[in-house]
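Heads up, start_3.txt below (compact mmCIF, C-alpha atoms):
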```
# COMPACT_ATOMS: atom_id res chain seq x y z
CA MET B 14 0.00 0.00 0.00
CA ILE B 15 2.81 2.41 0.88
CA ALA B 16 4.54 1.71 -2.45
CA ALA B 17 1.31 2.44 -4.31
CA MET B 18 0.84 5.73 -2.46
CA ARG B 19 4.37 6.81 -3.40
CA LEU B 20 3.42 6.58 -7.06
CA LEU B 21 0.64 9.10 -6.45
CA THR B 22 0.92 12.72 -5.36
CA PHE B 23 0.24 11.86 -1.71
CA GLN B 24 2.98 11.74 0.93
CA HIS B 25 3.34 8.97 3.49
CA MET B 26 3.26 10.02 7.14
CA PRO B 27 4.33 7.20 9.52
CA CYS B 28 2.47 6.88 12.82
CA VAL B 29 4.59 8.57 15.50
CA ALA B 30 2.77 6.68 18.27
CA HIS B 31 3.94 3.40 16.72
CA VAL B 32 7.52 4.73 16.66
CA LEU B 33 7.35 5.48 20.39
CA GLN B 34 5.71 2.10 21.06
CA ARG B 35 8.56 0.20 19.41
CA THR B 36 11.26 2.35 21.04
CA ILE B 37 9.92 1.95 24.57
CA THR B 38 9.26 -1.77 24.11
CA VAL B 39 12.85 -2.36 22.96
CA CYS B 40 14.28 -0.28 25.82
CA LEU B 41 12.25 -2.12 28.45
CA ALA B 42 13.46 -5.47 27.11
CA ASP B 43 17.13 -4.49 26.92
CA SER B 44 17.43 -2.56 30.19
CA GLY B 45 17.64 -3.82 33.75
CA PHE B 46 13.89 -3.65 34.44
CA THR B 47 12.92 -7.04 32.97
CA GLY B 48 13.17 -9.07 36.18
CA THR B 49 11.43 -6.44 38.30
CA LEU B 50 8.56 -6.15 35.84
CA ALA B 51 8.16 -9.95 35.74
CA ARG B 52 7.74 -10.00 39.53
CA CYS B 53 5.27 -7.12 39.30
CA ARG B 54 3.14 -9.14 36.88
CA LYS B 55 3.17 -12.07 39.33
CA ILE B 56 1.97 -9.85 42.16
CA VAL B 57 -0.77 -8.31 40.02
CA GLY B 58 -1.82 -11.75 38.75
CA HIS B 59 -2.12 -12.98 42.33
CA PHE B 60 -4.92 -10.48 42.90
CA LYS B 61 -6.44 -10.37 39.40
CA HIS B 62 -7.04 -14.14 39.18
CA SER B 63 -8.66 -14.56 42.59
CA PRO B 64 -11.79 -12.72 43.82
CA SER B 65 -10.92 -13.56 47.42
CA ASN B 66 -7.44 -12.04 47.08
CA THR B 67 -8.99 -8.97 45.50
CA GLU B 68 -11.38 -8.67 48.44
CA GLU B 69 -8.43 -8.82 50.85
CA LEU B 70 -6.76 -6.02 48.93
CA HIS B 71 -9.89 -3.90 49.17
CA LYS B 72 -10.02 -4.47 52.94
CA GLU B 73 -6.42 -3.31 53.32
CA GLN B 74 -7.15 -0.27 51.16
CA THR B 75 -10.09 0.61 53.38
CA GLU B 76 -7.98 0.31 56.52
CA LEU B 77 -5.35 2.57 54.99
CA GLU B 78 -8.09 5.04 53.94
CA GLN B 79 -7.36 4.55 50.25
CA ASP B 80 -9.76 4.21 47.33
CA LYS B 81 -10.94 0.72 46.49
CA GLU B 82 -9.35 0.03 43.15
CA PRO B 83 -7.99 -3.13 41.52
CA LEU B 84 -4.43 -3.57 40.33
CA ILE B 85 -3.78 -3.28 36.59
CA GLN B 86 -2.23 -6.00 34.44
CA ASP B 87 -0.15 -4.75 31.52
CA VAL B 88 -0.57 -5.80 27.88
CA SER B 89 2.38 -6.44 25.57
CA THR B 90 0.86 -4.46 22.69
CA ARG B 91 0.43 -1.28 24.75
CA TRP B 92 3.48 0.04 26.57
CA ASN B 93 1.43 2.60 28.51
CA SER B 94 -0.38 -0.29 30.24
CA THR B 95 3.00 -1.12 31.83
CA LEU B 96 3.15 2.42 33.20
CA PHE B 97 -0.42 2.09 34.54
CA MET B 98 0.51 -1.21 36.22
CA ILE B 99 3.56 0.37 37.87
CA SER B 100 1.71 3.49 39.02
CA ARG B 101 -1.18 1.52 40.53
CA LEU B 102 1.20 -0.89 42.28
CA LEU B 103 3.27 1.94 43.74
CA LYS B 104 0.10 3.68 44.91
CA ASN B 105 -1.04 0.51 46.74
CA GLN B 106 2.41 -0.47 47.92
CA GLU B 107 1.56 -0.48 51.64
CA ALA B 108 -1.61 -2.53 51.16
CA VAL B 109 0.21 -5.14 49.07
CA LYS B 110 3.04 -5.37 51.61
CA ALA B 111 0.57 -5.90 54.45
CA ILE B 112 -1.05 -8.81 52.60
CA ALA B 113 2.35 -10.31 51.72
CA LYS B 114 3.23 -10.50 55.42
CA GLN B 115 0.13 -12.65 56.01
CA LYS B 116 0.62 -14.87 52.94
CA HIS B 117 4.03 -16.47 52.52
CA LYS B 118 3.26 -17.64 48.97
CA LEU B 119 3.18 -14.06 47.72
CA THR B 120 6.73 -13.01 46.81
CA MET B 121 7.25 -9.35 47.57
CA LEU B 122 9.59 -6.91 45.85
CA THR B 123 12.76 -5.81 47.60
CA THR B 124 13.47 -2.22 48.55
CA ALA B 125 15.83 -1.89 45.58
CA GLU B 126 13.12 -3.17 43.23
CA TRP B 127 10.56 -0.71 44.56
CA ASP B 128 13.13 2.03 43.91
CA ARG B 129 13.56 0.74 40.35
CA LEU B 130 9.83 0.93 39.78
CA GLN B 131 9.77 4.50 41.03
CA ARG B 132 12.55 5.49 38.66
CA LEU B 133 10.92 3.68 35.75
CA GLU B 134 7.66 5.51 36.39
CA THR B 135 9.55 8.81 36.27
CA LEU B 136 11.16 7.78 32.95
CA LEU B 137 7.90 6.72 31.31
CA LYS B 138 5.65 9.61 32.37
CA PRO B 139 6.99 12.06 29.73
CA CYS B 140 6.52 9.34 27.09
CA ARG B 141 2.91 8.92 28.13
CA TYR B 142 2.31 12.66 27.95
CA VAL B 143 3.78 12.85 24.42
CA THR B 144 1.84 9.79 23.24
CA GLU B 145 -1.47 11.16 24.47
CA LEU B 146 -0.67 14.61 23.07
CA LEU B 147 0.11 13.29 19.59
CA GLY B 148 -2.84 10.90 19.63
CA GLY B 149 -5.45 13.64 20.01
CA GLU B 150 -8.15 14.20 17.40
CA THR B 151 -9.73 17.52 18.40
CA TYR B 152 -6.68 19.72 17.81
CA VAL B 153 -3.66 20.09 15.52
CA SER B 154 -1.09 17.41 16.35
CA CYS B 155 1.25 17.17 13.35
CA SER B 156 3.09 20.40 14.15
CA VAL B 157 3.81 19.19 17.69
CA VAL B 158 5.79 16.09 16.60
CA LEU B 159 9.26 17.62 16.34
CA PRO B 160 8.99 19.77 19.52
CA ALA B 161 7.60 16.77 21.43
CA LEU B 162 10.37 14.41 20.29
CA ARG B 163 12.92 17.08 21.16
CA HIS B 164 11.37 17.34 24.62
CA LEU B 165 11.65 13.56 25.07
CA THR B 166 15.31 13.61 24.11
CA ARG B 167 16.00 16.30 26.70
CA THR B 168 14.22 14.36 29.44
CA MET B 169 16.55 11.42 28.74
CA GLU B 170 19.70 13.39 29.55
CA VAL B 171 21.90 11.49 32.01
CA SER B 172 22.83 13.01 35.37
CA ASP B 173 25.56 12.01 37.82
CA GLU B 174 23.02 10.62 40.31
CA ASP B 175 21.43 8.14 37.88
CA PRO B 176 22.24 4.45 38.51
CA ALA B 177 23.70 2.24 35.79
CA TYR B 178 20.37 0.68 34.71
CA VAL B 179 18.79 4.13 34.25
CA VAL B 180 21.78 5.30 32.21
CA ARG B 181 21.47 2.17 30.06
CA PHE B 182 17.75 2.79 29.51
CA MET B 183 18.29 6.45 28.56
CA ALA B 184 21.13 5.62 26.16
CA ALA B 185 19.11 2.86 24.50
CA PHE B 186 16.06 5.14 24.25
CA LYS B 187 17.90 7.99 22.54
CA LYS B 188 19.73 5.65 20.17
CA ASP B 189 16.65 3.69 19.14
CA LEU B 190 14.44 6.78 18.81
CA SER B 191 17.07 8.52 16.69
CA GLN B 192 17.22 5.53 14.32
CA ARG B 193 13.44 5.27 14.01
CA GLN B 194 13.08 9.01 13.44
CA ASP B 195 14.89 8.58 10.13
CA ALA B 196 11.75 6.89 8.76
CA LEU B 197 9.58 9.93 9.49
CA ASN B 198 8.64 12.43 6.80
CA HIS B 199 10.92 15.18 8.11
CA GLY B 200 10.29 17.51 5.19
CA TRP B 201 6.56 17.58 5.90
CA LEU B 202 7.01 17.79 9.68
CA ARG B 203 9.44 20.72 9.47
CA VAL B 204 7.16 22.75 7.23
CA THR B 205 4.21 21.96 9.49
CA THR B 206 6.15 23.09 12.57
CA ALA B 207 7.16 26.33 10.83
CA LEU B 208 3.54 27.07 9.88
CA ASP B 209 2.39 26.71 13.49
CA PRO B 210 2.66 30.18 15.11
CA ARG B 211 3.52 28.56 18.44
CA PHE B 212 6.70 26.94 17.08
CA LYS B 213 7.67 29.24 14.19
CA ASP B 214 11.03 30.01 15.86
CA LEU B 215 11.96 26.34 15.13
CA LYS B 216 13.91 25.97 18.39
CA CYS B 217 13.34 22.21 18.17
CA LEU B 218 15.75 22.13 15.18
CA PRO B 219 19.49 22.88 15.01
CA ARG B 220 20.29 26.43 13.97
CA GLY B 221 21.87 25.32 10.72
CA GLU B 222 18.66 23.62 9.56
CA ARG B 223 16.20 26.43 10.27
CA GLY B 224 17.04 28.47 7.19
CA GLY B 225 16.42 25.49 4.92
CA VAL B 226 12.91 25.10 6.31
CA TRP B 227 11.95 28.66 5.40
CA THR B 228 13.46 28.13 1.96
CA SER B 229 11.15 25.14 1.54
CA VAL B 230 8.17 27.22 2.65
CA GLU B 231 9.02 29.91 0.09
CA ALA B 232 9.28 27.26 -2.65
CA LEU B 233 5.85 25.91 -1.69
CA LEU B 234 4.37 29.40 -1.74
CA GLN B 235 5.55 29.87 -5.32
CA LYS B 236 3.58 26.78 -6.31
CA GLU B 237 0.43 28.07 -4.61
CA PRO B 238 -2.02 29.97 -6.86
CA ASP B 239 -2.22 33.71 -6.33
CA ARG B 240 -5.07 34.74 -4.07
CA ALA B 241 -6.77 38.08 -3.78
CA THR B 242 -5.63 39.97 -0.73
CA LEU B 243 -8.53 40.42 1.66
CA GLU B 244 -8.95 43.16 4.16
CA PRO B 245 -7.15 42.12 7.36
CA THR B 246 -9.60 41.66 10.19
CA GLU B 247 -6.97 42.01 12.92
CA GLU B 248 -3.48 43.36 13.39
CA PRO B 249 -0.65 41.54 11.61
CA ALA B 250 1.08 38.78 13.56
CA ARG B 251 4.16 40.87 14.40
CA LYS B 252 2.00 43.40 16.29
CA ARG B 253 -0.02 40.87 18.21
CA SER B 254 0.80 39.48 21.62
CA PHE B 255 2.19 36.00 22.01
CA LEU B 256 0.03 33.03 21.06
CA LEU B 257 -1.25 31.04 24.00
CA GLU B 258 -0.49 27.31 24.06
CA THR B 259 -4.20 26.56 24.20
CA ASP B 260 -4.95 28.46 20.98
CA CYS B 261 -5.56 26.54 17.77
CA PRO B 262 -3.14 27.43 14.94
CA LEU B 263 -5.87 26.83 12.35
CA GLN B 264 -8.05 29.42 14.06
CA TRP B 265 -5.09 31.79 14.16
CA TRP B 266 -4.54 31.44 10.42
CA SER B 267 -8.27 31.84 9.77
CA THR B 268 -8.19 35.14 11.66
CA HIS B 269 -5.10 36.36 9.77
CA GLU B 270 -6.12 35.09 6.35
CA GLY B 271 -6.64 38.63 5.12
CA ALA B 272 -2.99 39.55 5.80
CA HIS B 273 -1.47 36.26 4.59
CA PRO B 274 -3.82 34.56 2.11
CA GLN B 275 -1.26 32.22 0.52
CA LEU B 276 0.33 31.21 3.80
CA SER B 277 -3.09 30.60 5.29
CA ALA B 278 -4.00 28.19 2.47
CA LEU B 279 -0.68 26.39 2.87
CA ALA B 280 -1.17 26.13 6.64
CA ARG B 281 -4.61 24.53 6.23
CA LYS B 282 -3.08 21.94 3.91
CA TYR B 283 -0.22 20.96 6.22
CA LEU B 284 -1.70 21.45 9.68
CA GLY B 285 -4.72 19.26 8.90
CA SER B 286 -2.71 16.02 8.82
CA PRO B 287 -2.76 13.91 12.03
CA ALA B 288 0.49 12.90 13.72
CA THR B 289 -0.66 9.34 14.46
CA SER B 290 -3.17 6.75 13.31
CA VAL B 291 -4.62 6.58 16.83
CA PRO B 292 -7.86 8.47 16.00
CA CYS B 293 -8.52 6.13 13.05
CA LYS B 294 -7.83 3.03 15.12
CA ARG B 295 -10.02 4.39 17.90
CA LEU B 296 -12.87 4.79 15.42
CA PHE B 297 -12.36 1.28 13.99
CA SER B 298 -12.40 -0.19 17.50
CA LEU B 299 -15.63 1.64 18.25
CA ALA B 300 -17.22 0.37 15.03
CA GLY B 301 -15.96 -3.15 15.81
CA ASN B 302 -17.82 -3.09 19.12
CA ILE B 303 -21.01 -2.18 17.28
CA VAL B 304 -20.81 -4.42 14.20
CA GLN B 305 -20.58 -7.92 15.71
CA LYS B 306 -21.61 -11.39 14.58
CA LYS B 307 -25.08 -11.01 16.04
CA ARG B 308 -25.48 -7.56 14.49
CA ALA B 309 -24.00 -8.23 11.05
CA ALA B 310 -27.22 -7.20 9.28
CA LEU B 311 -26.90 -3.55 10.31
CA SER B 312 -27.03 -1.18 7.36
CA SER B 313 -24.14 1.22 6.79
CA GLU B 314 -26.45 4.15 7.56
CA ASN B 315 -27.42 2.73 10.96
CA VAL B 316 -23.77 1.93 11.73
CA ASN B 317 -22.82 5.55 11.08
CA ARG B 318 -25.64 6.74 13.33
CA LEU B 319 -24.63 4.39 16.16
CA VAL B 320 -20.97 5.41 15.90
CA CYS B 321 -21.95 9.09 16.05
CA LEU B 322 -24.25 8.51 19.04
CA SER B 323 -21.53 6.60 20.89
CA ASN B 324 -19.02 9.37 20.24
CA TRP B 325 -21.46 12.05 21.38
CA LEU B 326 -22.26 10.17 24.60
CA LYS B 327 -18.55 9.80 25.30
CA GLU B 328 -17.96 13.53 24.85
CA LYS B 329 -20.96 14.32 27.05
CA LYS B 330 -19.55 12.16 29.87
CA GLN B 331 -16.13 13.80 29.56
CA ASN B 332 -17.61 17.30 29.75
CA LYS B 333 -19.49 16.56 32.98
```
The structure given in the file should be rewritten as structure tokens.
Amino acid sequence: MIAAMRLLTFQHMPCVAHVLQRTITVCLADSGFTGTLARCRKIVGHFKHSPSNTEELHKEQTELEQDKEPLIQDVSTRWNSTLFMISRLLKNQEAVKAIAKQKHKLTMLTTAEWDRLQRLETLLKPCRYVTELLGGETYVSCSVVLPALRHLTRTMEVSDEDPAYVVRFMAAFKKDLSQRQDALNHGWLRVTTALDPRFKDLKCLPRGERGGVWTSVEALLQKEPDRATLEPTEEPARKRSFLLETDCPLQWWSTHEGAHPQLSALARKYLGSPATSVPCKRLFSLAGNIVQKKRAALSSENVNRLVCLSNWLKEKKQNK
């Protein structure tokens, strides 16, 4: 499919979420966290596979004045589930330890292993933030790819206080991510970042590469058809105050279309592309829950209506 698309005028944009998934999975397997994570899965499985053990956990949580919540088992296809498992286990650390003292069959983590989990949680939290940011569907995400990846690289800088296994994880992460970044469509991503008013200074790129990006933008503008200059509805960008992080760049360009008609058209073309395939997969999963074996006779029109209703109900719950 990718080879066929290359023959057309369309450009291929790899899923950045998949790039992060592969990088983190490789780093977790090659670093010193494998044994600790295996013991975590055993502890979680002890409670997940037995209702009576789960009830004991809830009793301990009540005594410690904590919320009654189950432990989370991770899934190999979703790295963020490993982070959820670690966070929930660390949150209920005292309750799990209390139960382990009563049951000798439950092997508990050592102090050093609990410390490893804490450090791993700190390492993975920025990755979760970037993954969720790039996987959004209600805002522009493509222009955030390069600044977000730059932010991840900075969070993986080694300090003198980091133990050897953390240094090994950070080094493996930066090396693997750098190699996988080569497969991204950097030409498209750089132009998209430049057309986003929030990142137009291109600080996420080396100084020597910033001039080439603006040269590419100028070449694209020459290919754009001439547009009639409209009356500007607001002050030009150079006279306006800084753009808030919560503002939408598409709305900004819509407001300033009168001053920059060609740039505005180019921005709509580039900023409209998603950074990941997460929104599409989310929609397919939703449709898969609706169109099942017992509901295979649903018409396409009714499927569209049910998918829309489900999405609206989800948004309504989130807004409450």
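Minimum distance to Ala196 of chain B across B:Leu137, B:Met26, B:Ile112, B:Leu119 (counting all atoms listed in the file) occurs at B:Met26.
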Discussion item. Using all atoms listed in the file and a cutoff of 10 Å, can you tell me which residues are near (8.4, -3.2, 29.4) in the file's coordinates, and write them out as a list in words?
Written reply: Ile37, Thr38, Val39, Cys40, Leu41, Ala42, Asp43, Ser44, Phe46, Thr47, Thr49, Leu50, Ala51, Asp87, Val88, Ser89, Arg91, Trp92, Asn93, Ser94, Thr95, Leu96 and Leu133 of chain B
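Straight-line separation from atom CA of Ser323 of chain B to atom CA of Ala309 of chain B: 18.0 Å.
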Practice prompt. Figure out the distance between atom CA of Lys61 of chain B and atom CA of Ser298 of chain B, please, to one decimal in Å.
Written response: 24.9 Å
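Going from atom CA of Phe212 of chain B over to atom CA of Ser156 of chain B, you cover 8.0 Å.
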Practice prompt. Write out as a ChimeraX atom specification which residues come within 12 Å of segment 179-187 of chain B when counting all atoms listed in the file, dropping same-chain ones fewer than 4 positions away.
Written response: /B:32-47,128-137,140,162-175,191-194
Worksheet item: Hey, what's within 7 Å of segment 278-285 of chain B if we count all atoms listed in the file and toss same-chain stuff fewer than 6 positions away? As a PyMOL selection string, please?
Response: chain B and resi 153+155-156+205+208+263
Save out the residues we just selected, C-alpha atoms, as a PDB file, keeping the file's coordinate frame.
```pdb
ATOM      1  CA  VAL B 153      -3.660  20.090  15.520  1.00  0.00           C
ATOM      2  CA  CYS B 155       1.250  17.170  13.350  1.00  0.00           C
ATOM      3  CA  SER B 156       3.090  20.400  14.150  1.00  0.00           C
ATOM      4  CA  THR B 205       4.210  21.960   9.490  1.00  0.00           C
ATOM      5  CA  LEU B 208       3.540  27.070   9.880  1.00  0.00           C
ATOM      6  CA  LEU B 263      -5.870  26.830  12.350  1.00  0.00           C
TER       7      LEU B 263
END
```
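Counting only C-alpha atoms and comparing B:Met98, B:Cys293, B:Glu328, B:Ile56, the residue that lies closest to Ile85 of chain B is B:Met98.
If you measure from each of B:Pro274, B:Pro160, B:Pro64, B:Gly301 to Glu237 of chain B using all atoms listed in the file, the closest one turns out to be B:Pro274.
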How big is the axis-aligned box around the listed atoms of segment 291-304 of chain B once 3 Å is added on each side, and where is its centre? Give both in Å to one decimal, as lines of an AutoDock Vina configuration file.
```
center_x = -12.8
center_y = 2.0
center_z = 16.1
size_x = 22.4
size_y = 18.9
size_z = 12.1
```
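Remark: for His25 of chain B, the closest of the candidate residues B:Leu147, B:Val204, B:Leu234, B:Leu197 is B:Leu197 (distances computed over all atoms listed in the file).
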Pull N, CA and C atoms for segment 259-291 of chain B from the block and write them as a PDB file, in the first residue's frame.
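result_32.pdb, freshly written:
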```
ATOM      1  N   THR B 259      -2.888  27.184  24.370  1.00  0.00           N
ATOM      2  CA  THR B 259      -4.203  26.564  24.203  1.00  0.00           C
ATOM      3  C   THR B 259      -4.880  26.983  22.903  1.00  0.00           C
ATOM      4  N   ASP B 260      -4.341  27.984  22.223  1.00  0.00           N
ATOM      5  CA  ASP B 260      -4.947  28.460  20.983  1.00  0.00           C
ATOM      6  C   ASP B 260      -4.736  27.449  19.860  1.00  0.00           C
ATOM      7  N   CYS B 261      -5.660  27.431  18.926  1.00  0.00           N
ATOM      8  CA  CYS B 261      -5.562  26.536  17.768  1.00  0.00           C
ATOM      9  C   CYS B 261      -4.877  27.282  16.632  1.00  0.00           C
ATOM     10  N   PRO B 262      -3.813  26.729  16.042  1.00  0.00           N
ATOM     11  CA  PRO B 262      -3.143  27.431  14.941  1.00  0.00           C
ATOM     12  C   PRO B 262      -4.031  27.606  13.719  1.00  0.00           C
ATOM     13  N   LEU B 263      -4.960  26.682  13.483  1.00  0.00           N
ATOM     14  CA  LEU B 263      -5.873  26.834  12.351  1.00  0.00           C
ATOM     15  C   LEU B 263      -6.793  28.041  12.543  1.00  0.00           C
ATOM     16  N   GLN B 264      -7.240  28.244  13.777  1.00  0.00           N
ATOM     17  CA  GLN B 264      -8.051  29.424  14.060  1.00  0.00           C
ATOM     18  C   GLN B 264      -7.222  30.700  13.903  1.00  0.00           C
ATOM     19  N   TRP B 265      -5.971  30.631  14.297  1.00  0.00           N
ATOM     20  CA  TRP B 265      -5.092  31.793  14.156  1.00  0.00           C
ATOM     21  C   TRP B 265      -4.931  32.166  12.694  1.00  0.00           C
ATOM     22  N   TRP B 266      -4.707  31.169  11.838  1.00  0.00           N
ATOM     23  CA  TRP B 266      -4.542  31.438  10.415  1.00  0.00           C
ATOM     24  C   TRP B 266      -5.853  31.898   9.787  1.00  0.00           C
ATOM     25  N   SER B 267      -6.978  31.386  10.280  1.00  0.00           N
ATOM     26  CA  SER B 267      -8.267  31.844   9.772  1.00  0.00           C
ATOM     27  C   SER B 267      -8.486  33.324  10.085  1.00  0.00           C
ATOM     28  N   THR B 268      -8.048  33.738  11.271  1.00  0.00           N
ATOM     29  CA  THR B 268      -8.189  35.139  11.663  1.00  0.00           C
ATOM     30  C   THR B 268      -7.293  36.048  10.831  1.00  0.00           C
ATOM     31  N   HIS B 269      -6.075  35.546  10.481  1.00  0.00           N
ATOM     32  CA  HIS B 269      -5.096  36.359   9.770  1.00  0.00           C
ATOM     33  C   HIS B 269      -5.050  36.038   8.275  1.00  0.00           C
ATOM     34  N   GLU B 270      -6.100  35.435   7.770  1.00  0.00           N
ATOM     35  CA  GLU B 270      -6.123  35.094   6.348  1.00  0.00           C
ATOM     36  C   GLU B 270      -6.069  36.330   5.462  1.00  0.00           C
ATOM     37  N   GLY B 271      -6.649  37.408   5.926  1.00  0.00           N
ATOM     38  CA  GLY B 271      -6.641  38.628   5.124  1.00  0.00           C
ATOM     39  C   GLY B 271      -5.246  39.184   4.914  1.00  0.00           C
ATOM     40  N   ALA B 272      -4.368  39.035   5.912  1.00  0.00           N
ATOM     41  CA  ALA B 272      -2.993  39.550   5.802  1.00  0.00           C
ATOM     42  C   ALA B 272      -2.079  38.583   5.069  1.00  0.00           C
ATOM     43  N   HIS B 273      -2.354  37.275   5.187  1.00  0.00           N
ATOM     44  CA  HIS B 273      -1.471  36.261   4.595  1.00  0.00           C
ATOM     45  C   HIS B 273      -2.329  35.207   3.889  1.00  0.00           C
ATOM     46  N   PRO B 274      -2.910  35.506   2.754  1.00  0.00           N
ATOM     47  CA  PRO B 274      -3.825  34.559   2.113  1.00  0.00           C
ATOM     48  C   PRO B 274      -3.143  33.285   1.624  1.00  0.00           C
ATOM     49  N   GLN B 275      -1.947  33.403   1.025  1.00  0.00           N
ATOM     50  CA  GLN B 275      -1.264  32.222   0.517  1.00  0.00           C
ATOM     51  C   GLN B 275      -0.742  31.345   1.644  1.00  0.00           C
ATOM     52  N   LEU B 276      -0.153  31.968   2.646  1.00  0.00           N
ATOM     53  CA  LEU B 276       0.333  31.208   3.800  1.00  0.00           C
ATOM     54  C   LEU B 276      -0.804  30.521   4.526  1.00  0.00           C
ATOM     55  N   SER B 277      -1.932  31.176   4.616  1.00  0.00           N
ATOM     56  CA  SER B 277      -3.092  30.596   5.289  1.00  0.00           C
ATOM     57  C   SER B 277      -3.562  29.338   4.572  1.00  0.00           C
ATOM     58  N   ALA B 278      -3.601  29.377   3.237  1.00  0.00           N
ATOM     59  CA  ALA B 278      -4.003  28.189   2.468  1.00  0.00           C
ATOM     60  C   ALA B 278      -3.005  27.060   2.640  1.00  0.00           C
ATOM     61  N   LEU B 279      -1.718  27.404   2.674  1.00  0.00           N
ATOM     62  CA  LEU B 279      -0.679  26.391   2.868  1.00  0.00           C
ATOM     63  C   LEU B 279      -0.757  25.787   4.266  1.00  0.00           C
ATOM     64  N   ALA B 280      -1.059  26.613   5.267  1.00  0.00           N
ATOM     65  CA  ALA B 280      -1.171  26.128   6.642  1.00  0.00           C
ATOM     66  C   ALA B 280      -2.331  25.157   6.789  1.00  0.00           C
ATOM     67  N   ARG B 281      -3.465  25.445   6.154  1.00  0.00           N
ATOM     68  CA  ARG B 281      -4.607  24.533   6.230  1.00  0.00           C
ATOM     69  C   ARG B 281      -4.265  23.169   5.622  1.00  0.00           C
ATOM     70  N   LYS B 282      -3.460  23.186   4.571  1.00  0.00           N
ATOM     71  CA  LYS B 282      -3.082  21.937   3.906  1.00  0.00           C
ATOM     72  C   LYS B 282      -2.181  21.086   4.799  1.00  0.00           C
ATOM     73  N   TYR B 283      -1.213  21.717   5.446  1.00  0.00           N
ATOM     74  CA  TYR B 283      -0.221  20.965   6.216  1.00  0.00           C
ATOM     75  C   TYR B 283      -0.672  20.678   7.650  1.00  0.00           C
ATOM     76  N   LEU B 284      -1.325  21.633   8.277  1.00  0.00           N
ATOM     77  CA  LEU B 284      -1.704  21.453   9.678  1.00  0.00           C
ATOM     78  C   LEU B 284      -2.865  20.484   9.860  1.00  0.00           C
ATOM     79  N   GLY B 285      -3.568  20.163   8.787  1.00  0.00           N
ATOM     80  CA  GLY B 285      -4.720  19.265   8.903  1.00  0.00           C
ATOM     81  C   GLY B 285      -4.357  17.806   8.998  1.00  0.00           C
ATOM     82  N   SER B 286      -3.104  17.436   8.773  1.00  0.00           N
ATOM     83  CA  SER B 286      -2.711  16.022   8.818  1.00  0.00           C
ATOM     84  C   SER B 286      -2.470  15.577  10.255  1.00  0.00           C
ATOM     85  N   PRO B 287      -2.969  14.399  10.658  1.00  0.00           N
ATOM     86  CA  PRO B 287      -2.758  13.912  12.030  1.00  0.00           C
ATOM     87  C   PRO B 287      -1.352  13.360  12.210  1.00  0.00           C
ATOM     88  N   ALA B 288      -0.859  13.398  13.436  1.00  0.00           N
ATOM     89  CA  ALA B 288       0.487  12.896  13.721  1.00  0.00           C
ATOM     90  C   ALA B 288       0.523  11.385  13.868  1.00  0.00           C
ATOM     91  N   THR B 289      -0.606  10.775  14.227  1.00  0.00           N
ATOM     92  CA  THR B 289      -0.664   9.337  14.459  1.00  0.00           C
ATOM     93  C   THR B 289      -1.929   8.764  13.818  1.00  0.00           C
ATOM     94  N   SER B 290      -1.973   7.450  13.783  1.00  0.00           N
ATOM     95  CA  SER B 290      -3.171   6.753  13.311  1.00  0.00           C
ATOM     96  C   SER B 290      -4.095   6.374  14.462  1.00  0.00           C
ATOM     97  N   VAL B 291      -3.822   6.912  15.648  1.00  0.00           N
ATOM     98  CA  VAL B 291      -4.621   6.581  16.834  1.00  0.00           C
ATOM     99  C   VAL B 291      -6.094   6.949  16.666  1.00  0.00           C
TER     100      VAL B 291
END
```
